[in-house]
Amino acid sequence: MEHPSTEFHLLCADISVLHFISAYFSIRSSVRAGTSGNVERTQQRNRRMNQRIAIIILTDFICWVPFIVICILHYVEVFDATSWYSVLSMVILPINSVINPLLL
């Protein structure tokens with residue numbers, strides 16, 4: 001069975017990033033639309049929400065970048081990363097899934 005190409009992995013990463021950016025702006029606009037009453041309290045709540053979303057995006061970035069870099073280095077034949085795929089797929093990337101619910 002042939003392994004997915006690096007282009008496929010990069011496409012998946014791009015789609016994930018676009019999804020998070022879209023979710024960020026969607027949440028931000030819904031929070032702004034639903035604000036009423038105390039402006040200071042609303043601004044504080046918005047800052048906390050923005051910080052949480054930024055932390056989630058940062059942790060996703062930190063978890064995915066090593067995988068993407070290794071895929072690119074493997075693709076350009078800098079080194080054979082075949083043994084790294086299982087480590088990254090079974091250890092590093094699931095950490096991202098575990099961390100996200102804890103951040104909310």
# chains A, B, ... in the order shown; residues from 1 in each chain; ligands from 1

$ residues_around --residues "segment 41-56 of chain A" --least-positions-apart "6" --cutoff "10 Å" --atoms "only C-alpha atoms" --output "list of chain:residue names"
A:Phe20, A:Ile21, A:Ala23, A:Tyr24, A:Phe25, A:Ile27, A:Arg28, A:Val31, A:Arg32, A:Gly34, A:Thr35, A:Ile62, A:Asn96, A:Ile99, A:Asn100, A:Pro101, A:Leu102, A:Leu103, A:Leu104

$ write_last_selection --atoms "all heavy atoms" --output "compact mmCIF listing (two decimals), in the first residue's frame"
# COMPACT_ATOMS: atom_id res chain seq x y z
N PHE A 20 -9.39 26.48 11.62
CA PHE A 20 -9.22 27.18 12.89
C PHE A 20 -9.39 28.69 12.73
O PHE A 20 -9.98 29.34 13.57
CB PHE A 20 -7.87 26.85 13.52
CG PHE A 20 -7.86 25.55 14.25
CD1 PHE A 20 -7.18 24.47 13.74
CD2 PHE A 20 -8.56 25.40 15.43
CE1 PHE A 20 -7.18 23.26 14.40
CE2 PHE A 20 -8.58 24.19 16.10
CZ PHE A 20 -7.89 23.12 15.59
N ILE A 21 -8.88 29.23 11.65
CA ILE A 21 -9.04 30.66 11.41
C ILE A 21 -10.51 30.99 11.22
O ILE A 21 -11.02 31.96 11.78
CB ILE A 21 -8.20 31.11 10.20
CG1 ILE A 21 -6.71 31.03 10.55
CG2 ILE A 21 -8.57 32.51 9.75
CD1 ILE A 21 -5.78 31.23 9.36
N ALA A 23 -13.07 29.26 12.36
CA ALA A 23 -13.75 29.11 13.66
C ALA A 23 -13.48 30.29 14.56
O ALA A 23 -14.37 30.77 15.26
CB ALA A 23 -13.29 27.81 14.33
N TYR A 24 -12.25 30.78 14.54
CA TYR A 24 -11.89 31.94 15.36
C TYR A 24 -12.77 33.14 15.02
O TYR A 24 -13.37 33.77 15.89
CB TYR A 24 -10.42 32.28 15.18
CG TYR A 24 -10.03 33.59 15.80
CD1 TYR A 24 -9.81 33.68 17.17
CD2 TYR A 24 -9.89 34.74 15.03
CE1 TYR A 24 -9.47 34.89 17.75
CE2 TYR A 24 -9.55 35.95 15.61
CZ TYR A 24 -9.34 36.02 16.97
OH TYR A 24 -9.01 37.20 17.54
N PHE A 25 -12.86 33.45 13.73
CA PHE A 25 -13.64 34.62 13.33
C PHE A 25 -15.14 34.40 13.54
O PHE A 25 -15.87 35.33 13.87
CB PHE A 25 -13.33 35.02 11.89
CG PHE A 25 -12.01 35.71 11.76
CD1 PHE A 25 -10.95 35.10 11.13
CD2 PHE A 25 -11.81 36.98 12.31
CE1 PHE A 25 -9.73 35.73 11.04
CE2 PHE A 25 -10.59 37.62 12.22
CZ PHE A 25 -9.54 36.99 11.58
N ILE A 27 -16.49 32.55 16.00
CA ILE A 27 -16.71 32.71 17.44
C ILE A 27 -16.61 34.17 17.83
O ILE A 27 -17.43 34.69 18.60
CB ILE A 27 -15.71 31.85 18.23
CG1 ILE A 27 -16.02 30.37 18.03
CG2 ILE A 27 -15.72 32.20 19.71
CD1 ILE A 27 -14.93 29.45 18.57
N ARG A 28 -15.62 34.84 17.27
CA ARG A 28 -15.42 36.25 17.60
C ARG A 28 -16.63 37.09 17.19
O ARG A 28 -17.08 37.95 17.94
CB ARG A 28 -14.15 36.74 16.92
CG ARG A 28 -13.76 38.12 17.33
CD ARG A 28 -12.43 38.49 16.74
NE ARG A 28 -12.08 39.83 17.15
CZ ARG A 28 -11.08 40.51 16.71
NH1 ARG A 28 -10.27 39.95 15.83
NH2 ARG A 28 -10.84 41.72 17.12
N VAL A 31 -19.62 36.33 19.48
CA VAL A 31 -19.44 36.94 20.80
C VAL A 31 -19.74 38.43 20.73
O VAL A 31 -20.41 38.98 21.60
CB VAL A 31 -18.00 36.68 21.34
CG1 VAL A 31 -17.70 37.54 22.54
CG2 VAL A 31 -17.84 35.21 21.69
N ARG A 32 -19.27 39.07 19.70
CA ARG A 32 -19.53 40.51 19.54
C ARG A 32 -21.02 40.79 19.33
O ARG A 32 -21.54 41.76 19.83
CB ARG A 32 -18.72 41.07 18.38
CG ARG A 32 -17.29 41.28 18.72
CD ARG A 32 -16.57 41.99 17.63
NE ARG A 32 -15.20 42.24 18.02
CZ ARG A 32 -14.30 42.77 17.25
NH1 ARG A 32 -14.61 43.10 16.01
NH2 ARG A 32 -13.07 42.95 17.68
N GLY A 34 -23.51 39.03 20.43
CA GLY A 34 -24.29 38.72 21.61
C GLY A 34 -23.96 39.57 22.81
O GLY A 34 -24.43 39.31 23.91
N THR A 35 -23.14 40.57 22.65
CA THR A 35 -22.75 41.40 23.78
C THR A 35 -23.80 42.45 24.06
O THR A 35 -24.28 43.12 23.17
CB THR A 35 -21.39 42.08 23.53
OG1 THR A 35 -21.50 42.88 22.36
CG2 THR A 35 -20.29 41.06 23.39
N ILE A 62 2.41 23.78 17.23
CA ILE A 62 3.58 23.12 17.83
C ILE A 62 3.55 21.61 17.60
O ILE A 62 4.59 20.99 17.37
CB ILE A 62 3.68 23.46 19.33
CG1 ILE A 62 4.06 24.93 19.50
CG2 ILE A 62 4.66 22.55 20.05
CD1 ILE A 62 3.95 25.43 20.93
N ASN A 96 -1.88 16.43 20.72
CA ASN A 96 -2.67 17.59 20.32
C ASN A 96 -4.14 17.37 20.61
O ASN A 96 -4.83 18.25 21.13
CB ASN A 96 -2.45 17.84 18.82
CG ASN A 96 -3.22 19.02 18.32
OD1 ASN A 96 -3.41 19.99 19.05
ND2 ASN A 96 -3.65 18.96 17.10
N ILE A 99 -4.70 17.63 24.40
CA ILE A 99 -4.51 18.97 24.97
C ILE A 99 -5.70 19.88 24.69
O ILE A 99 -6.12 20.65 25.57
CB ILE A 99 -3.21 19.60 24.43
CG1 ILE A 99 -1.99 18.90 25.00
CG2 ILE A 99 -3.14 21.08 24.75
CD1 ILE A 99 -0.69 19.37 24.40
N ASN A 100 -6.27 19.84 23.50
CA ASN A 100 -7.32 20.79 23.12
C ASN A 100 -8.50 20.85 24.09
O ASN A 100 -8.88 21.94 24.51
CB ASN A 100 -7.80 20.52 21.70
CG ASN A 100 -6.82 21.02 20.67
OD1 ASN A 100 -5.96 21.86 20.95
ND2 ASN A 100 -6.93 20.51 19.47
N PRO A 101 -9.10 19.74 24.50
CA PRO A 101 -10.22 19.86 25.45
C PRO A 101 -9.79 20.41 26.81
O PRO A 101 -10.58 21.07 27.49
CB PRO A 101 -10.72 18.42 25.60
CG PRO A 101 -10.22 17.69 24.43
CD PRO A 101 -8.95 18.37 24.03
N LEU A 102 -8.55 20.16 27.20
CA LEU A 102 -8.08 20.67 28.48
C LEU A 102 -7.90 22.18 28.46
O LEU A 102 -7.96 22.83 29.51
CB LEU A 102 -6.75 20.01 28.85
CG LEU A 102 -6.79 18.49 29.01
CD1 LEU A 102 -5.40 17.95 29.26
CD2 LEU A 102 -7.74 18.08 30.13
N LEU A 103 -7.69 22.75 27.30
CA LEU A 103 -7.47 24.19 27.19
C LEU A 103 -8.77 24.98 27.26
O LEU A 103 -8.74 26.18 27.50
CB LEU A 103 -6.73 24.50 25.88
CG LEU A 103 -5.32 23.94 25.80
CD1 LEU A 103 -4.74 24.19 24.42
CD2 LEU A 103 -4.43 24.52 26.88
N LEU A 104 -9.88 24.35 27.01
CA LEU A 104 -11.16 25.06 27.03
C LEU A 104 -11.64 25.11 28.43
O LEU A 104 -11.84 25.61 29.27
CB LEU A 104 -12.19 24.36 26.17
CG LEU A 104 -11.87 24.36 24.70
CD1 LEU A 104 -12.90 23.54 23.96
CD2 LEU A 104 -11.82 25.75 24.12

$ atom_distance --atom1 "atom CA of Tyr75 of chain A" --atom2 "atom CA of Leu93 of chain A"
19.6 Å

$ select_by_dssp --residues "chain A" --states "helix (DSSP H, G or I)" --output "compact mmCIF listing (two decimals) with N, CA, C and O atoms, in the first residue's frame"
# COMPACT_ATOMS: atom_id res chain seq x y z
N THR A 6 3.61 13.93 0.58
CA THR A 6 3.82 15.12 1.40
C THR A 6 2.83 16.21 1.02
O THR A 6 2.34 16.95 1.88
N GLU A 7 2.52 16.30 -0.26
CA GLU A 7 1.55 17.31 -0.70
C GLU A 7 0.20 17.08 -0.02
O GLU A 7 -0.47 18.04 0.37
N PHE A 8 -0.17 15.82 0.13
CA PHE A 8 -1.42 15.50 0.81
C PHE A 8 -1.38 15.96 2.25
O PHE A 8 -2.34 16.55 2.75
N HIS A 9 -0.26 15.71 2.93
CA HIS A 9 -0.12 16.13 4.33
C HIS A 9 -0.16 17.65 4.45
O HIS A 9 -0.78 18.20 5.37
N LEU A 10 0.51 18.33 3.54
CA LEU A 10 0.50 19.80 3.56
C LEU A 10 -0.91 20.33 3.29
O LEU A 10 -1.34 21.30 3.91
N LEU A 11 -1.61 19.70 2.39
CA LEU A 11 -2.98 20.11 2.11
C LEU A 11 -3.86 19.93 3.35
O LEU A 11 -4.64 20.81 3.69
N CYS A 12 -3.70 18.82 4.03
CA CYS A 12 -4.46 18.58 5.26
C CYS A 12 -4.12 19.62 6.32
O CYS A 12 -5.02 20.12 7.02
N ALA A 13 -2.86 19.95 6.45
CA ALA A 13 -2.45 20.97 7.42
C ALA A 13 -3.03 22.32 7.06
O ALA A 13 -3.52 23.06 7.92
N ASP A 14 -3.02 22.67 5.77
CA ASP A 14 -3.59 23.94 5.32
C ASP A 14 -5.09 24.00 5.61
O ASP A 14 -5.60 25.02 6.07
N ILE A 15 -5.77 22.90 5.35
CA ILE A 15 -7.20 22.86 5.63
C ILE A 15 -7.47 23.02 7.12
O ILE A 15 -8.39 23.74 7.52
N SER A 16 -6.65 22.40 7.95
CA SER A 16 -6.80 22.54 9.40
C SER A 16 -6.60 23.98 9.84
O SER A 16 -7.38 24.50 10.65
N VAL A 17 -5.58 24.62 9.33
CA VAL A 17 -5.31 26.01 9.69
C VAL A 17 -6.46 26.90 9.25
O VAL A 17 -6.93 27.76 10.00
N LEU A 18 -6.94 26.71 8.03
CA LEU A 18 -8.07 27.51 7.55
C LEU A 18 -9.32 27.27 8.39
O LEU A 18 -10.09 28.20 8.65
N HIS A 19 -9.51 26.05 8.82
CA HIS A 19 -10.66 25.73 9.67
C HIS A 19 -10.57 26.48 11.00
O HIS A 19 -11.56 27.06 11.47
N PHE A 20 -9.39 26.48 11.62
CA PHE A 20 -9.22 27.18 12.89
C PHE A 20 -9.39 28.69 12.73
O PHE A 20 -9.98 29.34 13.57
N ILE A 21 -8.88 29.23 11.65
CA ILE A 21 -9.04 30.66 11.41
C ILE A 21 -10.51 30.99 11.22
O ILE A 21 -11.02 31.96 11.78
N SER A 22 -11.20 30.17 10.46
CA SER A 22 -12.63 30.37 10.24
C SER A 22 -13.41 30.26 11.56
O SER A 22 -14.29 31.08 11.84
N ALA A 23 -13.07 29.26 12.36
CA ALA A 23 -13.75 29.11 13.66
C ALA A 23 -13.48 30.29 14.56
O ALA A 23 -14.37 30.77 15.26
N TYR A 24 -12.25 30.78 14.54
CA TYR A 24 -11.89 31.94 15.36
C TYR A 24 -12.77 33.14 15.02
O TYR A 24 -13.37 33.77 15.89
N PHE A 25 -12.86 33.45 13.73
CA PHE A 25 -13.64 34.62 13.33
C PHE A 25 -15.14 34.40 13.54
O PHE A 25 -15.87 35.33 13.87
N SER A 26 -15.59 33.17 13.39
CA SER A 26 -16.99 32.88 13.65
C SER A 26 -17.34 33.07 15.12
O SER A 26 -18.35 33.69 15.47
N ILE A 27 -16.49 32.55 16.00
CA ILE A 27 -16.71 32.71 17.44
C ILE A 27 -16.61 34.17 17.83
O ILE A 27 -17.43 34.69 18.60
N ARG A 28 -15.62 34.84 17.27
CA ARG A 28 -15.42 36.25 17.60
C ARG A 28 -16.63 37.09 17.19
O ARG A 28 -17.08 37.95 17.94
N SER A 29 -17.17 36.85 16.00
CA SER A 29 -18.32 37.63 15.56
C SER A 29 -19.57 37.30 16.36
O SER A 29 -20.37 38.18 16.65
N SER A 30 -19.75 36.03 16.75
CA SER A 30 -20.92 35.68 17.54
C SER A 30 -20.82 36.26 18.95
O SER A 30 -21.83 36.66 19.53
N VAL A 31 -19.62 36.33 19.48
CA VAL A 31 -19.44 36.94 20.80
C VAL A 31 -19.74 38.43 20.73
O VAL A 31 -20.41 38.98 21.60
N ARG A 32 -19.27 39.07 19.70
CA ARG A 32 -19.53 40.51 19.54
C ARG A 32 -21.02 40.79 19.33
O ARG A 32 -21.54 41.76 19.83
N ALA A 33 -21.68 39.91 18.57
CA ALA A 33 -23.10 40.13 18.29
C ALA A 33 -23.95 39.91 19.54
O ALA A 33 -24.98 40.55 19.72
N VAL A 39 -19.95 46.82 29.15
CA VAL A 39 -18.95 46.77 28.09
C VAL A 39 -17.62 46.24 28.63
O VAL A 39 -16.95 45.43 27.98
N GLU A 40 -17.25 46.64 29.81
CA GLU A 40 -15.97 46.21 30.39
C GLU A 40 -15.97 44.70 30.61
O GLU A 40 -14.99 44.01 30.31
N ARG A 41 -17.05 44.18 31.13
CA ARG A 41 -17.16 42.74 31.35
C ARG A 41 -17.11 41.98 30.03
O ARG A 41 -16.46 40.93 29.92
N THR A 42 -17.77 42.51 29.03
CA THR A 42 -17.78 41.89 27.71
C THR A 42 -16.39 41.90 27.09
O THR A 42 -15.95 40.90 26.52
N GLN A 43 -15.68 43.00 27.23
CA GLN A 43 -14.32 43.07 26.70
C GLN A 43 -13.40 42.08 27.40
O GLN A 43 -12.55 41.45 26.77
N GLN A 44 -13.56 41.94 28.70
CA GLN A 44 -12.75 40.99 29.45
C GLN A 44 -13.04 39.56 28.99
O GLN A 44 -12.13 38.75 28.80
N ARG A 45 -14.31 39.26 28.78
CA ARG A 45 -14.70 37.93 28.30
C ARG A 45 -14.14 37.68 26.90
O ARG A 45 -13.67 36.59 26.59
N ASN A 46 -14.17 38.70 26.05
CA ASN A 46 -13.61 38.58 24.70
C ASN A 46 -12.11 38.33 24.74
O ASN A 46 -11.59 37.53 23.96
N ARG A 47 -11.41 39.03 25.62
CA ARG A 47 -9.96 38.83 25.74
C ARG A 47 -9.65 37.40 26.18
O ARG A 47 -8.73 36.76 25.65
N ARG A 48 -10.41 36.90 27.14
CA ARG A 48 -10.19 35.52 27.58
C ARG A 48 -10.45 34.53 26.45
O ARG A 48 -9.70 33.56 26.27
N MET A 49 -11.51 34.75 25.70
CA MET A 49 -11.84 33.87 24.58
C MET A 49 -10.74 33.93 23.52
O MET A 49 -10.31 32.89 23.00
N ASN A 50 -10.26 35.12 23.21
CA ASN A 50 -9.18 35.27 22.23
C ASN A 50 -7.91 34.58 22.71
O ASN A 50 -7.21 33.95 21.91
N GLN A 51 -7.61 34.66 23.99
CA GLN A 51 -6.42 34.00 24.53
C GLN A 51 -6.56 32.48 24.43
O GLN A 51 -5.61 31.78 24.06
N ARG A 52 -7.72 31.97 24.73
CA ARG A 52 -7.94 30.51 24.66
C ARG A 52 -7.79 30.02 23.23
O ARG A 52 -7.14 28.99 22.98
N ILE A 53 -8.38 30.74 22.30
CA ILE A 53 -8.28 30.33 20.90
C ILE A 53 -6.84 30.42 20.42
O ILE A 53 -6.35 29.53 19.71
N ALA A 54 -6.13 31.47 20.81
CA ALA A 54 -4.72 31.61 20.42
C ALA A 54 -3.88 30.47 20.98
O ALA A 54 -3.01 29.93 20.29
N ILE A 55 -4.15 30.06 22.20
CA ILE A 55 -3.41 28.96 22.81
C ILE A 55 -3.70 27.65 22.08
O ILE A 55 -2.79 26.84 21.84
N ILE A 56 -4.95 27.43 21.72
CA ILE A 56 -5.31 26.21 20.97
C ILE A 56 -4.60 26.18 19.63
O ILE A 56 -4.03 25.17 19.22
N ILE A 57 -4.60 27.30 18.92
CA ILE A 57 -3.93 27.37 17.63
C ILE A 57 -2.43 27.16 17.80
O ILE A 57 -1.80 26.46 17.01
N LEU A 58 -1.85 27.75 18.83
CA LEU A 58 -0.42 27.59 19.09
C LEU A 58 -0.06 26.14 19.38
O LEU A 58 0.93 25.61 18.84
N THR A 59 -0.84 25.46 20.20
CA THR A 59 -0.54 24.06 20.51
C THR A 59 -0.70 23.18 19.27
O THR A 59 0.08 22.24 19.07
N ASP A 60 -1.71 23.47 18.45
CA ASP A 60 -1.86 22.72 17.20
C ASP A 60 -0.63 22.93 16.30
O ASP A 60 -0.12 21.98 15.72
N PHE A 61 -0.19 24.17 16.22
CA PHE A 61 0.98 24.49 15.41
C PHE A 61 2.22 23.75 15.92
O PHE A 61 2.95 23.13 15.15
N ILE A 62 2.41 23.78 17.23
CA ILE A 62 3.58 23.12 17.83
C ILE A 62 3.55 21.61 17.60
O ILE A 62 4.59 20.99 17.37
N CYS A 63 2.37 21.02 17.65
CA CYS A 63 2.27 19.57 17.45
C CYS A 63 2.43 19.17 15.99
O CYS A 63 2.97 18.11 15.69
N TRP A 64 1.96 19.99 15.06
CA TRP A 64 1.98 19.63 13.65
C TRP A 64 3.27 20.00 12.93
O TRP A 64 3.65 19.34 11.96
N VAL A 65 3.96 21.05 13.36
CA VAL A 65 5.14 21.51 12.64
C VAL A 65 6.22 20.43 12.54
O VAL A 65 6.78 20.24 11.45
N PRO A 66 6.56 19.72 13.61
CA PRO A 66 7.60 18.69 13.44
C PRO A 66 7.22 17.64 12.39
O PRO A 66 8.06 17.22 11.60
N PHE A 67 5.96 17.25 12.38
CA PHE A 67 5.50 16.27 11.41
C PHE A 67 5.64 16.80 9.99
O PHE A 67 6.13 16.11 9.10
N ILE A 68 5.22 18.02 9.78
CA ILE A 68 5.28 18.62 8.44
C ILE A 68 6.72 18.80 7.99
O ILE A 68 7.07 18.51 6.84
N VAL A 69 7.59 19.27 8.90
CA VAL A 69 9.00 19.47 8.55
C VAL A 69 9.65 18.14 8.18
O VAL A 69 10.38 18.04 7.18
N ILE A 70 9.38 17.11 8.95
CA ILE A 70 9.96 15.80 8.65
C ILE A 70 9.43 15.26 7.33
O ILE A 70 10.18 14.67 6.54
N CYS A 71 8.15 15.48 7.05
CA CYS A 71 7.59 15.06 5.76
C CYS A 71 8.28 15.77 4.60
O CYS A 71 8.58 15.16 3.57
N ILE A 72 8.50 17.06 4.76
CA ILE A 72 9.17 17.82 3.69
C ILE A 72 10.60 17.34 3.51
O ILE A 72 11.06 17.14 2.37
N LEU A 73 11.33 17.15 4.62
CA LEU A 73 12.71 16.67 4.52
C LEU A 73 12.77 15.28 3.90
O LEU A 73 13.69 14.97 3.13
N HIS A 74 11.79 14.46 4.19
CA HIS A 74 11.72 13.13 3.57
C HIS A 74 11.43 13.25 2.08
O HIS A 74 12.03 12.56 1.26
N TYR A 75 10.53 14.15 1.74
CA TYR A 75 10.13 14.34 0.34
C TYR A 75 11.29 14.83 -0.51
O TYR A 75 11.47 14.38 -1.64
N THR A 82 11.05 7.32 7.33
CA THR A 82 10.06 6.26 7.45
C THR A 82 9.84 5.85 8.90
O THR A 82 8.70 5.67 9.34
N SER A 83 10.89 5.74 9.66
CA SER A 83 10.73 5.33 11.06
C SER A 83 10.11 6.43 11.92
O SER A 83 9.53 6.15 12.96
N TRP A 84 10.23 7.66 11.51
CA TRP A 84 9.68 8.79 12.28
C TRP A 84 8.16 8.89 12.15
O TRP A 84 7.50 9.43 13.03
N TYR A 85 7.61 8.43 11.05
CA TYR A 85 6.17 8.58 10.83
C TYR A 85 5.35 7.91 11.93
O TYR A 85 4.38 8.47 12.42
N SER A 86 5.75 6.72 12.31
CA SER A 86 4.98 6.02 13.34
C SER A 86 5.10 6.71 14.69
O SER A 86 4.12 6.83 15.42
N VAL A 87 6.29 7.21 15.02
CA VAL A 87 6.46 7.92 16.30
C VAL A 87 5.61 9.18 16.33
O VAL A 87 4.89 9.45 17.29
N LEU A 88 5.68 9.95 15.26
CA LEU A 88 4.90 11.19 15.23
C LEU A 88 3.40 10.92 15.21
O LEU A 88 2.63 11.59 15.89
N SER A 89 3.00 9.94 14.42
CA SER A 89 1.57 9.64 14.30
C SER A 89 0.98 9.03 15.56
O SER A 89 -0.18 9.25 15.88
N MET A 90 1.78 8.26 16.28
CA MET A 90 1.25 7.56 17.45
C MET A 90 1.50 8.30 18.77
O MET A 90 0.85 8.00 19.76
N VAL A 91 2.43 9.26 18.79
CA VAL A 91 2.78 9.94 20.04
C VAL A 91 2.49 11.43 19.97
O VAL A 91 1.71 11.96 20.76
N ILE A 92 3.11 12.12 19.04
CA ILE A 92 3.04 13.58 19.01
C ILE A 92 1.65 14.08 18.61
O ILE A 92 1.07 14.94 19.29
N LEU A 93 1.11 13.61 17.52
CA LEU A 93 -0.18 14.13 17.05
C LEU A 93 -1.34 13.84 18.00
O LEU A 93 -2.20 14.71 18.20
N PRO A 94 -1.43 12.67 18.63
CA PRO A 94 -2.51 12.46 19.60
C PRO A 94 -2.40 13.39 20.83
O PRO A 94 -3.41 13.70 21.45
N ILE A 95 -1.20 13.83 21.15
CA ILE A 95 -1.05 14.77 22.26
C ILE A 95 -1.87 16.02 21.97
O ILE A 95 -2.51 16.59 22.85
N ASN A 96 -1.88 16.43 20.72
CA ASN A 96 -2.67 17.59 20.32
C ASN A 96 -4.14 17.37 20.61
O ASN A 96 -4.83 18.25 21.13
N SER A 97 -4.65 16.20 20.31
CA SER A 97 -6.06 15.90 20.57
C SER A 97 -6.38 15.86 22.05
O SER A 97 -7.49 16.19 22.46
N VAL A 98 -5.42 15.45 22.85
CA VAL A 98 -5.62 15.39 24.30
C VAL A 98 -5.57 16.79 24.91
O VAL A 98 -6.34 17.12 25.81
N ILE A 99 -4.70 17.63 24.40
CA ILE A 99 -4.51 18.97 24.97
C ILE A 99 -5.70 19.88 24.69
O ILE A 99 -6.12 20.65 25.57
N ASN A 100 -6.27 19.84 23.50
CA ASN A 100 -7.32 20.79 23.12
C ASN A 100 -8.50 20.85 24.09
O ASN A 100 -8.88 21.94 24.51
N PRO A 101 -9.10 19.74 24.50
CA PRO A 101 -10.22 19.86 25.45
C PRO A 101 -9.79 20.41 26.81
O PRO A 101 -10.58 21.07 27.49
N LEU A 102 -8.55 20.16 27.20
CA LEU A 102 -8.08 20.67 28.48
C LEU A 102 -7.90 22.18 28.46
O LEU A 102 -7.96 22.83 29.51
N LEU A 103 -7.69 22.75 27.30
CA LEU A 103 -7.47 24.19 27.19
C LEU A 103 -8.77 24.98 27.26
O LEU A 103 -8.74 26.18 27.50
